[in-house]
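Notes follow once the structure below has been shown.
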Amino acid sequence: MKILFVASEVAPFAKTGGLADVTGSLPRALARMGHQVAIILPLHRMVRQRGFPPTDTGLRLTVAMGRQREVCGVRQLDHEGVRVWFIDRPELFERNGLYGEAGVDYPDNAQRYGFFCRAVLEALPRLGFQPELIHVHDWQTGLIPLLLATELHSTPFYRSIASLLTIHNLAYQGLFEPEVLPLLGLPEELFHPEGIEFYGKLSFLKAGIFFADRITTVSPTYCQEILTPESGCGFEGILRSRQKRLSGILNGIDPEDWNPAADSAVPYPYAADSLDGKALCKRRLQRELGLPQQAGTPLLAMVTRIDRQKGIDLVLDAWPRLARRPVQLALLGSGDRALSARLQALAAADPDRVAIRLGFDDALARRIYAGADLFLMPSRFEPCGLGQLIALRYGAVPLVRSTGGLADTIFDIDSRPQTGNGFCFEQPTSQALLQAVDRALARFGERTAWRRLVAVCMRQDYSWRRSASRYLDLYLQTLEEHRERTGKR
Ligand code: ADP
C-alpha cells in the first residue's frame, strides 16, 4: 500500500510525548512489511536542534488561507526506509515549542496547524505522491479529512484518497474561537453541530472525527471508555454516532529503539538473562541524581508530562506516608507549573530521597528507565501509555492505575502469579496507590521473586508486530469502503 502519515510530531525529529513515538515507529514497521510509507510534519526548530537538517526539495507552495496566499517550502530526508517531508514555514514553526511555551499555548495555533493541513494537501501532487490513504493523528491534522471530504472531494487527484484519524488523547481537542473560520478559509456552513462546531467553538478534532473514513484510538479499553460521559470529554455523543467506524488498536514500541542491551544512553547494557548491568545503572543514576547509592532501597521513578492526567498529585499526596517506607523517588517531566513547583518543593524538603528534574531529556529518560526498580503511572486516564511499555522493556516494573491502555497491558502479579507483569490499582486515590506500592515493596524484599519479575517484564513483547498488521487490515477495509462510497457519489 501507499500510505501517508501526517502528524505534528514524529520521533526522532520532534517529540513532546507518546504521539511522536507512534508516528515515528509505526511507519517504519509498515515500511519493513514492504509498504510505501511517507511522513509529513512541520519543520519545527526542534528538528534541527535534534540534529536532522533536511535538504530543500526546491518546491515552493502557495497555500490559500482564506483571502491570504501564503508561501512555504518543503524539505525532505530519508530515514530507515521512510521518506520524510517537512513543511517549512519559519514564521509559524521556527519556535521553541511545538504548541506553546512555558505551559501557555501559542495564540495562533489554529492558523499554524490549519496552514499545515492545507500545505500537506497542496504538496502531494507537486511531490508526485498520491497515497491511497492518509493516516492523520490528533487535532493538529483534523482539517485534512474535512478538506478531503468537502473542498477537494471532486478533484480527481484527491477523490480516491481515504483518510483515517487516530485519536491519541481526546483531552486535546483543538478548540478555537469561531472567528478563525475565515482565516482558515473554511465556509460558515460547516460551523454547526453536524459539522465542526463544538459548544460554540471550532474543534479541529471534531472535524477529523466527523469527516475521516475511519477513526481509531490507541487501546481497546480507551476506545470503550471514550463512549461514556466520564471519559468522553463531551465527544461521547459524536463518537457513539460514529461507533461503527471507531476501533481501538494498541500502540507498540520499536524494540530496537528501546533496547537496554544496545542503548547508547544506558551506561551498563543488560538483558533479561544478564541483569548485573541494571544494578550498576541504578547506582550510576542514584549518583547522577544526588541520591544515596543504596542497592537495597527501591528506586521509584516517573518520566512524564506533568499534568493532572498523569496522577502526579496522587504521588505528591501519598509522599508523607510513602516517605515512612525505605524508598527513593526520581521524576523527570515537564508541563504544569503549579504541579512542578510542588514537586520541586518536595525535592528541596527531602533531597536524600527525592530527585526532580524538570525539562525534556531523552537520554536522562532512558537512564531513568534503566536505573529504576518501579515505574509509576498512576494516571487518571491513559489512552494507551508508552511509558509502561518502555519500562517493561528496561525491567522497571510498572505500577499503574488500571485505566485505558494501562489496563490492556499491565496485569497484577498478585492476582495473576503466572502472567502478571506489574502492580495495578483501581481507584484514583493516594491510598490505593500506596497500597499497591506496599505490595510492590513486599515483593522487592524477596530478591529472587523480584529478579524473576524483572526478567518476565523484559521478555514481554509489545513491539509493533501485531498492531501494525491490525492497522494494515483496517487500511485495506477503509480503502474499500471509501471506494464504494466515492464510486456511488
Ligand atoms: P503521553 O500522554 O505524554 O503521550 P506516553 O506514556 O504515551 O504519554 O508517552 C510518553 C513518551 O514521552 C515516552 O516515550 C516518555 O519516555 C517520553 N517522555 C515524557 N516526558 C518526558 C521528558 N520530560 N523527557 C524525556 N522523555 C519524556
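Residues are named by chain letter and number: chains run A, B, ... in the order of the C-alpha cells, numbers start at 1 in each chain, and ligands are numbered from 1 in the order shown.
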Mind checking which residues fall within 12 Å of segment 271-278 of chain A, counting only C-alpha atoms, ignoring those fewer than 3 positions away in the same chain, and posting them as a PDB file with C-alpha atoms, in the first residue's frame?
```pdb
ATOM      1  CA  TRP A 258      14.157   0.841  23.178  1.00  0.00           C
ATOM      2  CA  ASN A 259      16.718  -1.827  23.953  1.00  0.00           C
ATOM      3  CA  PRO A 260      18.710  -1.738  27.198  1.00  0.00           C
ATOM      4  CA  ALA A 261      21.272  -4.095  25.655  1.00  0.00           C
ATOM      5  CA  ALA A 262      22.097  -1.641  22.871  1.00  0.00           C
ATOM      6  CA  ASP A 263      21.072   1.840  24.033  1.00  0.00           C
ATOM      7  CA  VAL A 266      22.421   3.230  29.031  1.00  0.00           C
ATOM      8  CA  PRO A 267      25.791   3.206  30.839  1.00  0.00           C
ATOM      9  CA  TYR A 268      25.864  -0.544  31.544  1.00  0.00           C
ATOM     10  CA  CYS A 281      22.750   1.552  36.048  1.00  0.00           C
ATOM     11  CA  LYS A 282      20.757   2.096  39.231  1.00  0.00           C
ATOM     12  CA  ARG A 283      23.895   3.005  41.184  1.00  0.00           C
ATOM     13  CA  ARG A 284      25.033   5.404  38.476  1.00  0.00           C
ATOM     14  CA  LEU A 285      21.574   7.002  38.291  1.00  0.00           C
ATOM     15  CA  ALA A 295      21.214  -1.047  46.082  1.00  0.00           C
ATOM     16  CA  ARG A 367      18.898   6.283  32.130  1.00  0.00           C
ATOM     17  CA  ILE A 368      15.905   6.504  34.449  1.00  0.00           C
ATOM     18  CA  TYR A 369      14.072   3.593  32.784  1.00  0.00           C
ATOM     19  CA  ALA A 370      17.324   1.618  33.074  1.00  0.00           C
ATOM     20  CA  GLY A 371      18.078   2.533  36.684  1.00  0.00           C
ATOM     21  CA  ALA A 372      14.585   2.377  38.184  1.00  0.00           C
ATOM     22  CA  ASP A 373      13.118  -0.549  40.103  1.00  0.00           C
ATOM     23  CA  LEU A 392       8.759  -3.219  30.854  1.00  0.00           C
ATOM     24  CA  ARG A 393      11.486  -3.402  28.244  1.00  0.00           C
ATOM     25  CA  TYR A 394      14.019  -1.834  30.658  1.00  0.00           C
ATOM     26  CA  GLY A 395      12.963  -4.027  33.569  1.00  0.00           C
ATOM     27  CA  ALA A 396      11.481  -1.190  35.634  1.00  0.00           C
ATOM     28  CA  TRP A 450      11.810  -9.729  42.229  1.00  0.00           C
ATOM     29  CA  ARG A 451      14.547 -10.699  39.776  1.00  0.00           C
ATOM     30  CA  ARG A 452      12.166 -13.191  38.213  1.00  0.00           C
ATOM     31  CA  LEU A 453       9.516 -10.488  37.837  1.00  0.00           C
ATOM     32  CA  VAL A 454      12.029  -8.081  36.263  1.00  0.00           C
ATOM     33  CA  ALA A 455      13.026 -10.752  33.741  1.00  0.00           C
ATOM     34  CA  VAL A 456       9.358 -11.520  32.958  1.00  0.00           C
ATOM     35  CA  CYS A 457       8.746  -7.813  32.311  1.00  0.00           C
ATOM     36  CA  MET A 458      11.734  -7.557  29.991  1.00  0.00           C
ATOM     37  CA  ARG A 459      10.569 -10.531  27.929  1.00  0.00           C
ATOM     38  CA  GLN A 460       7.123  -9.090  27.173  1.00  0.00           C
TER      39      GLN A 460
END
```
Polymer residues at most 9 Å from segment 161-170 of chain A, only C-alpha atoms, same-chain spacing of 3 or more positions, as a ChimeraX atom specification: /A:18-19,130-139,141-142,144-145,148,157-158,173,205,208-209,211-218,226,231-233,235,382-384,475,478-483
Mind writing the picked residues with C-alpha atoms as a PDB file, in the first residue's frame?
```
ATOM      1  CA  GLY A  18       3.903   9.359  23.022  1.00  0.00           C
ATOM      2  CA  LEU A  19       2.345  10.638  19.788  1.00  0.00           C
ATOM      3  CA  GLN A 130      -0.602  10.152  -4.326  1.00  0.00           C
ATOM      4  CA  PRO A 131      -1.255   7.986  -1.286  1.00  0.00           C
ATOM      5  CA  GLU A 132      -4.118   5.520  -1.176  1.00  0.00           C
ATOM      6  CA  LEU A 133      -4.729   6.505   2.405  1.00  0.00           C
ATOM      7  CA  ILE A 134      -3.723   9.384   4.661  1.00  0.00           C
ATOM      8  CA  HIS A 135      -3.344   8.435   8.301  1.00  0.00           C
ATOM      9  CA  VAL A 136      -3.723  11.597  10.364  1.00  0.00           C
ATOM     10  CA  HIS A 137      -3.090  11.977  14.087  1.00  0.00           C
ATOM     11  CA  ASP A 138      -4.779  14.138  16.721  1.00  0.00           C
ATOM     12  CA  TRP A 139      -6.386  17.554  16.391  1.00  0.00           C
ATOM     13  CA  THR A 141      -4.280  17.230  11.486  1.00  0.00           C
ATOM     14  CA  GLY A 142      -8.085  17.155  11.868  1.00  0.00           C
ATOM     15  CA  ILE A 144      -7.223  17.071   6.447  1.00  0.00           C
ATOM     16  CA  PRO A 145     -10.181  14.624   6.438  1.00  0.00           C
ATOM     17  CA  LEU A 148     -10.635  15.818   1.511  1.00  0.00           C
ATOM     18  CA  PHE A 157      -6.178  13.640  -7.535  1.00  0.00           C
ATOM     19  CA  TYR A 158      -7.758  13.626  -4.064  1.00  0.00           C
ATOM     20  CA  GLN A 173      -9.476  18.924  21.010  1.00  0.00           C
ATOM     21  CA  LEU A 205     -10.592  17.196  16.391  1.00  0.00           C
ATOM     22  CA  GLY A 208     -11.392  14.853  11.934  1.00  0.00           C
ATOM     23  CA  ILE A 209     -13.897  12.646  13.747  1.00  0.00           C
ATOM     24  CA  PHE A 211     -15.044  13.554   8.151  1.00  0.00           C
ATOM     25  CA  ALA A 212     -12.463  10.769   8.408  1.00  0.00           C
ATOM     26  CA  ASP A 213     -13.460   7.484   6.779  1.00  0.00           C
ATOM     27  CA  ARG A 214     -12.352   5.667   9.914  1.00  0.00           C
ATOM     28  CA  ILE A 215     -11.337   6.617  13.431  1.00  0.00           C
ATOM     29  CA  THR A 216      -9.101   4.695  15.757  1.00  0.00           C
ATOM     30  CA  THR A 217      -7.847   5.244  19.222  1.00  0.00           C
ATOM     31  CA  VAL A 218      -4.810   3.751  20.831  1.00  0.00           C
ATOM     32  CA  ILE A 226     -14.481   7.407  25.479  1.00  0.00           C
ATOM     33  CA  SER A 231     -14.235   9.859  29.764  1.00  0.00           C
ATOM     34  CA  GLY A 232     -15.688  11.188  26.528  1.00  0.00           C
ATOM     35  CA  CYS A 233     -14.718  14.839  27.203  1.00  0.00           C
ATOM     36  CA  PHE A 235     -17.331  13.878  22.483  1.00  0.00           C
ATOM     37  CA  GLU A 382      -4.427   6.915  29.801  1.00  0.00           C
ATOM     38  CA  PRO A 383      -5.309   6.432  26.131  1.00  0.00           C
ATOM     39  CA  CYS A 384      -2.525   3.880  25.696  1.00  0.00           C
ATOM     40  CA  TYR A 475      -6.339   0.478   5.997  1.00  0.00           C
ATOM     41  CA  THR A 478     -11.109   1.720   4.920  1.00  0.00           C
ATOM     42  CA  LEU A 479      -9.935   1.953   1.342  1.00  0.00           C
ATOM     43  CA  GLU A 480     -12.584  -0.470   0.183  1.00  0.00           C
ATOM     44  CA  GLU A 481     -15.336   1.445   1.974  1.00  0.00           C
ATOM     45  CA  HIS A 482     -14.018   4.718   0.608  1.00  0.00           C
ATOM     46  CA  ARG A 483     -14.022   3.342  -2.912  1.00  0.00           C
TER      47      ARG A 483
END
```
Within 10 Å of segment 122-125 of chain A using only C-alpha atoms, minus same-chain residues under 2 positions, as an NGL selection string: :A and (4 or 40 or 59-64 or 72-74 or 85 or 87 or 116-120 or 127-131 or 157-158)
Restrict the selected residues to N, CA and C atoms and save them as a short mmCIF file (atom, residue, chain, number, x, y, z; two decimals), in the first residue's frame.
```
data_model
loop_
_atom_site.label_atom_id
_atom_site.label_comp_id
_atom_site.auth_asym_id
_atom_site.auth_seq_id
_atom_site.Cartn_x
_atom_site.Cartn_y
_atom_site.Cartn_z
N LEU A 4 0.35 7.70 3.59
CA LEU A 4 0.98 8.92 4.09
C LEU A 4 0.60 9.12 5.56
N ILE A 40 4.69 13.42 6.72
CA ILE A 40 4.87 14.88 6.65
C ILE A 40 4.63 15.49 8.03
N LEU A 59 10.88 22.94 -3.89
CA LEU A 59 9.46 23.24 -4.12
C LEU A 59 9.04 24.49 -3.34
N ARG A 60 8.25 25.33 -3.97
CA ARG A 60 7.64 26.45 -3.25
C ARG A 60 6.13 26.33 -3.45
N LEU A 61 5.41 26.23 -2.34
CA LEU A 61 3.95 26.06 -2.44
C LEU A 61 3.28 27.38 -2.11
N THR A 62 2.20 27.65 -2.80
CA THR A 62 1.36 28.78 -2.43
C THR A 62 0.08 28.20 -1.84
N VAL A 63 -0.15 28.54 -0.60
CA VAL A 63 -1.29 27.94 0.11
C VAL A 63 -2.32 29.03 0.37
N ALA A 64 -3.57 28.75 -0.01
CA ALA A 64 -4.63 29.73 0.21
C ALA A 64 -5.18 29.56 1.62
N CYS A 72 5.25 28.51 1.30
CA CYS A 72 6.14 27.71 2.15
C CYS A 72 7.02 26.82 1.29
N GLY A 73 8.07 26.31 1.90
CA GLY A 73 8.95 25.37 1.23
C GLY A 73 8.67 23.96 1.72
N VAL A 74 9.29 22.98 1.07
CA VAL A 74 9.20 21.60 1.54
C VAL A 74 10.61 21.04 1.59
N TRP A 85 8.92 14.35 4.77
CA TRP A 85 8.86 15.72 4.27
C TRP A 85 8.51 16.66 5.42
N ILE A 87 7.15 20.61 6.22
CA ILE A 87 6.58 21.86 5.73
C ILE A 87 7.37 23.00 6.38
N PHE A 116 -0.75 24.14 8.12
CA PHE A 116 -0.05 22.86 7.93
C PHE A 116 -0.92 21.87 7.15
N CYS A 117 -2.19 21.73 7.55
CA CYS A 117 -3.09 20.78 6.87
C CYS A 117 -3.24 21.13 5.40
N ARG A 118 -3.46 22.41 5.13
CA ARG A 118 -3.62 22.82 3.73
C ARG A 118 -2.33 22.61 2.95
N ALA A 119 -1.21 22.92 3.57
CA ALA A 119 0.08 22.79 2.87
C ALA A 119 0.36 21.32 2.52
N VAL A 120 0.01 20.42 3.43
CA VAL A 120 0.23 18.99 3.18
C VAL A 120 -0.50 18.57 1.91
N LEU A 127 4.64 16.94 -5.19
CA LEU A 127 5.69 15.97 -4.84
C LEU A 127 5.55 14.69 -5.66
N GLY A 128 4.45 14.59 -6.38
CA GLY A 128 4.19 13.37 -7.16
C GLY A 128 3.88 12.18 -6.26
N PHE A 129 3.30 12.45 -5.12
CA PHE A 129 2.99 11.36 -4.18
C PHE A 129 1.48 11.32 -3.96
N GLN A 130 0.85 10.28 -4.50
CA GLN A 130 -0.60 10.15 -4.33
C GLN A 130 -0.87 8.92 -3.45
N PRO A 131 -1.04 9.15 -2.16
CA PRO A 131 -1.25 7.99 -1.29
C PRO A 131 -2.64 7.38 -1.50
N PHE A 157 -7.36 14.09 -8.28
CA PHE A 157 -6.18 13.64 -7.54
C PHE A 157 -6.54 13.19 -6.11
N TYR A 158 -7.47 13.88 -5.48
CA TYR A 158 -7.76 13.63 -4.06
C TYR A 158 -8.92 12.65 -3.84
#
```
Using only C-alpha atoms and all ligand atoms, which protein or nucleic acid residues are at most 8 Å from ligand 1, as an mmCIF file with N, CA and C atoms, in the first residue's frame?
```
data_model
loop_
_atom_site.group_PDB
_atom_site.id
_atom_site.type_symbol
_atom_site.label_atom_id
_atom_site.label_comp_id
_atom_site.auth_asym_id
_atom_site.auth_seq_id
_atom_site.Cartn_x
_atom_site.Cartn_y
_atom_site.Cartn_z
ATOM 1 N N LYS A 15 9.576 15.749 19.299
ATOM 2 C CA LYS A 15 8.793 14.928 20.233
ATOM 3 C C LYS A 15 8.474 15.693 21.504
ATOM 4 N N THR A 16 7.191 15.620 21.921
ATOM 5 C CA THR A 16 6.858 16.054 23.281
ATOM 6 C C THR A 16 6.194 14.924 24.063
ATOM 7 N N GLY A 17 5.790 13.855 23.367
ATOM 8 C CA GLY A 17 5.118 12.767 24.086
ATOM 9 C C GLY A 17 4.969 11.537 23.224
ATOM 10 N N GLY A 18 4.056 10.659 23.657
ATOM 11 C CA GLY A 18 3.903 9.359 23.022
ATOM 12 C C GLY A 18 3.475 9.412 21.552
ATOM 13 N N LEU A 19 2.756 10.483 21.188
ATOM 14 C CA LEU A 19 2.345 10.638 19.788
ATOM 15 C C LEU A 19 3.547 10.480 18.852
ATOM 16 N N ALA A 20 4.645 11.139 19.211
ATOM 17 C CA ALA A 20 5.847 11.101 18.364
ATOM 18 C C ALA A 20 6.423 9.696 18.283
ATOM 19 N N ASP A 21 6.355 8.970 19.385
ATOM 20 C CA ASP A 21 6.866 7.590 19.361
ATOM 21 C C ASP A 21 6.077 6.763 18.351
ATOM 22 N N HIS A 168 -5.045 10.149 19.799
ATOM 23 C CA HIS A 168 -4.080 9.713 20.813
ATOM 24 C C HIS A 168 -4.482 10.195 22.198
ATOM 25 N N ASN A 169 -5.236 11.280 22.245
ATOM 26 C CA ASN A 169 -5.698 11.783 23.535
ATOM 27 C C ASN A 169 -6.871 12.723 23.290
ATOM 28 N N VAL A 303 8.683 9.171 34.333
ATOM 29 C CA VAL A 303 9.125 10.019 33.203
ATOM 30 C C VAL A 303 7.823 10.419 32.538
ATOM 31 N N THR A 304 7.490 11.699 32.602
ATOM 32 C CA THR A 304 6.088 12.015 32.316
ATOM 33 C C THR A 304 5.843 13.478 31.971
ATOM 34 N N ARG A 305 4.791 13.708 31.215
ATOM 35 C CA ARG A 305 4.263 15.059 31.149
ATOM 36 C C ARG A 305 3.744 15.376 32.544
ATOM 37 N N ILE A 306 3.978 16.600 32.997
ATOM 38 C CA ILE A 306 3.468 16.957 34.320
ATOM 39 C C ILE A 306 2.075 17.543 34.125
ATOM 40 N N LYS A 310 -1.804 12.580 34.643
ATOM 41 C CA LYS A 310 -0.812 11.561 34.971
ATOM 42 C C LYS A 310 -0.812 11.179 36.456
ATOM 43 N N LEU A 332 11.352 12.723 36.134
ATOM 44 C CA LEU A 332 11.724 13.627 35.047
ATOM 45 C C LEU A 332 10.445 14.010 34.329
ATOM 46 N N GLY A 333 10.221 15.316 34.185
ATOM 47 C CA GLY A 333 8.995 15.696 33.500
ATOM 48 C C GLY A 333 8.965 17.165 33.154
ATOM 49 N N SER A 334 7.968 17.517 32.358
ATOM 50 C CA SER A 334 7.766 18.938 32.086
ATOM 51 C C SER A 334 6.281 19.171 31.885
ATOM 52 N N LEU A 358 13.260 18.856 35.954
ATOM 53 C CA LEU A 358 12.243 19.427 35.082
ATOM 54 C C LEU A 358 12.843 19.682 33.712
ATOM 55 N N GLY A 359 12.082 19.345 32.681
ATOM 56 C CA GLY A 359 12.553 19.548 31.307
ATOM 57 C C GLY A 359 12.341 18.285 30.507
ATOM 58 N N PHE A 360 12.693 18.354 29.247
ATOM 59 C CA PHE A 360 12.544 17.191 28.374
ATOM 60 C C PHE A 360 13.932 16.707 28.005
ATOM 61 N N ASP A 361 14.254 15.473 28.363
ATOM 62 C CA ASP A 361 15.619 14.990 28.180
ATOM 63 C C ASP A 361 15.571 13.488 27.862
ATOM 64 N N ASP A 362 15.697 13.190 26.575
ATOM 65 C CA ASP A 362 15.537 11.808 26.128
ATOM 66 C C ASP A 362 16.589 10.882 26.750
ATOM 67 N N ALA A 363 17.829 11.338 26.810
ATOM 68 C CA ALA A 363 18.894 10.470 27.329
ATOM 69 C C ALA A 363 18.691 10.200 28.828
ATOM 70 N N LEU A 364 18.344 11.251 29.570
ATOM 71 C CA LEU A 364 18.095 11.037 31.005
ATOM 72 C C LEU A 364 16.890 10.115 31.194
ATOM 73 N N ALA A 365 15.865 10.288 30.351
ATOM 74 C CA ALA A 365 14.699 9.400 30.435
ATOM 75 C C ALA A 365 15.158 7.946 30.311
ATOM 76 N N ARG A 366 16.015 7.665 29.377
ATOM 77 C CA ARG A 366 16.498 6.294 29.163
ATOM 78 C C ARG A 366 17.309 5.804 30.365
ATOM 79 N N GLU A 382 -5.625 7.169 30.610
ATOM 80 C CA GLU A 382 -4.427 6.915 29.801
ATOM 81 C C GLU A 382 -4.841 6.242 28.494
ATOM 82 N N PRO A 383 -4.861 7.014 27.408
ATOM 83 C CA PRO A 383 -5.309 6.432 26.131
ATOM 84 C C PRO A 383 -4.585 5.128 25.792
ATOM 85 N N CYS A 384 -3.274 5.138 25.818
ATOM 86 C CA CYS A 384 -2.525 3.880 25.696
ATOM 87 C C CYS A 384 -1.430 3.876 26.751
ATOM 88 N N GLY A 385 -0.558 4.900 26.667
ATOM 89 C CA GLY A 385 0.600 4.933 27.548
ATOM 90 C C GLY A 385 1.726 4.159 26.894
ATOM 91 N N LEU A 386 2.859 4.820 26.759
ATOM 92 C CA LEU A 386 4.038 4.121 26.256
ATOM 93 C C LEU A 386 5.043 3.938 27.372
ATOM 94 N N GLY A 387 4.960 4.833 28.366
ATOM 95 C CA GLY A 387 5.910 4.768 29.480
ATOM 96 C C GLY A 387 5.975 3.364 30.085
ATOM 97 N N GLN A 388 4.795 2.757 30.291
ATOM 98 C CA GLN A 388 4.788 1.429 30.919
ATOM 99 C C GLN A 388 5.400 0.372 30.001
ATOM 100 N N ILE A 390 7.800 0.944 27.715
ATOM 101 C CA ILE A 390 9.257 1.168 27.737
ATOM 102 C C ILE A 390 9.817 0.640 29.059
#
```
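Nearest residue to Leu300 of chain A among A:Met377, A:Pro269, A:Leu41, A:Pro220 is A:Met377, counting only C-alpha atoms.
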Distance of atom CA of Cys223 of chain A from atom CA of Ser247 of chain A, expressed in Å to one decimal place: 6.5 Å
Quick one: residues within 12 Å of Ala31 of chain A, only C-alpha atoms counted, chain neighbours fewer than 3 positions away excluded, as an mmCIF file with C-alpha atoms, in the first residue's frame?
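And here's result.cif as it stands now:
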```cif
data_model
loop_
_atom_site.group_PDB
_atom_site.id
_atom_site.type_symbol
_atom_site.label_atom_id
_atom_site.label_comp_id
_atom_site.auth_asym_id
_atom_site.auth_seq_id
_atom_site.Cartn_x
_atom_site.Cartn_y
_atom_site.Cartn_z
ATOM 1 C CA MET A 1 0.000 0.000 0.000
ATOM 2 C CA LYS A 2 0.943 3.616 -0.402
ATOM 3 C CA ILE A 3 0.342 5.384 2.891
ATOM 4 C CA LEU A 4 0.980 8.919 4.095
ATOM 5 C CA PHE A 5 1.345 9.723 7.793
ATOM 6 C CA GLY A 24 7.948 7.508 14.329
ATOM 7 C CA SER A 25 7.778 3.771 14.783
ATOM 8 C CA LEU A 26 4.540 2.618 13.082
ATOM 9 C CA PRO A 27 5.573 3.909 9.605
ATOM 10 C CA ARG A 28 8.898 2.124 9.967
ATOM 11 C CA GLY A 34 7.057 -3.854 2.297
ATOM 12 C CA HIS A 35 4.672 -0.895 2.101
ATOM 13 C CA GLN A 36 5.457 2.505 0.686
ATOM 14 C CA VAL A 37 5.179 4.939 3.561
ATOM 15 C CA ALA A 38 5.907 8.655 3.772
ATOM 16 C CA ILE A 39 5.530 11.142 6.609
ATOM 17 C CA HIS A 79 15.031 7.776 7.448
ATOM 18 C CA GLU A 80 15.080 3.986 7.795
ATOM 19 C CA GLY A 81 13.154 3.285 4.620
ATOM 20 C CA VAL A 82 10.681 6.119 5.057
ATOM 21 C CA ARG A 83 10.592 9.403 3.127
ATOM 22 C CA TRP A 464 4.537 -3.241 16.584
ATOM 23 C CA ALA A 468 0.971 -2.937 12.521
ATOM 24 C CA SER A 469 -0.889 -5.855 10.900
ATOM 25 C CA LEU A 472 -2.917 -2.688 7.712
#
```
Strand (DSSP E or B) positions in segment 246-330 of chain A, given as an MDAnalysis selection string: chainID A and resid 246:248 253 271 274 299:306 328:330
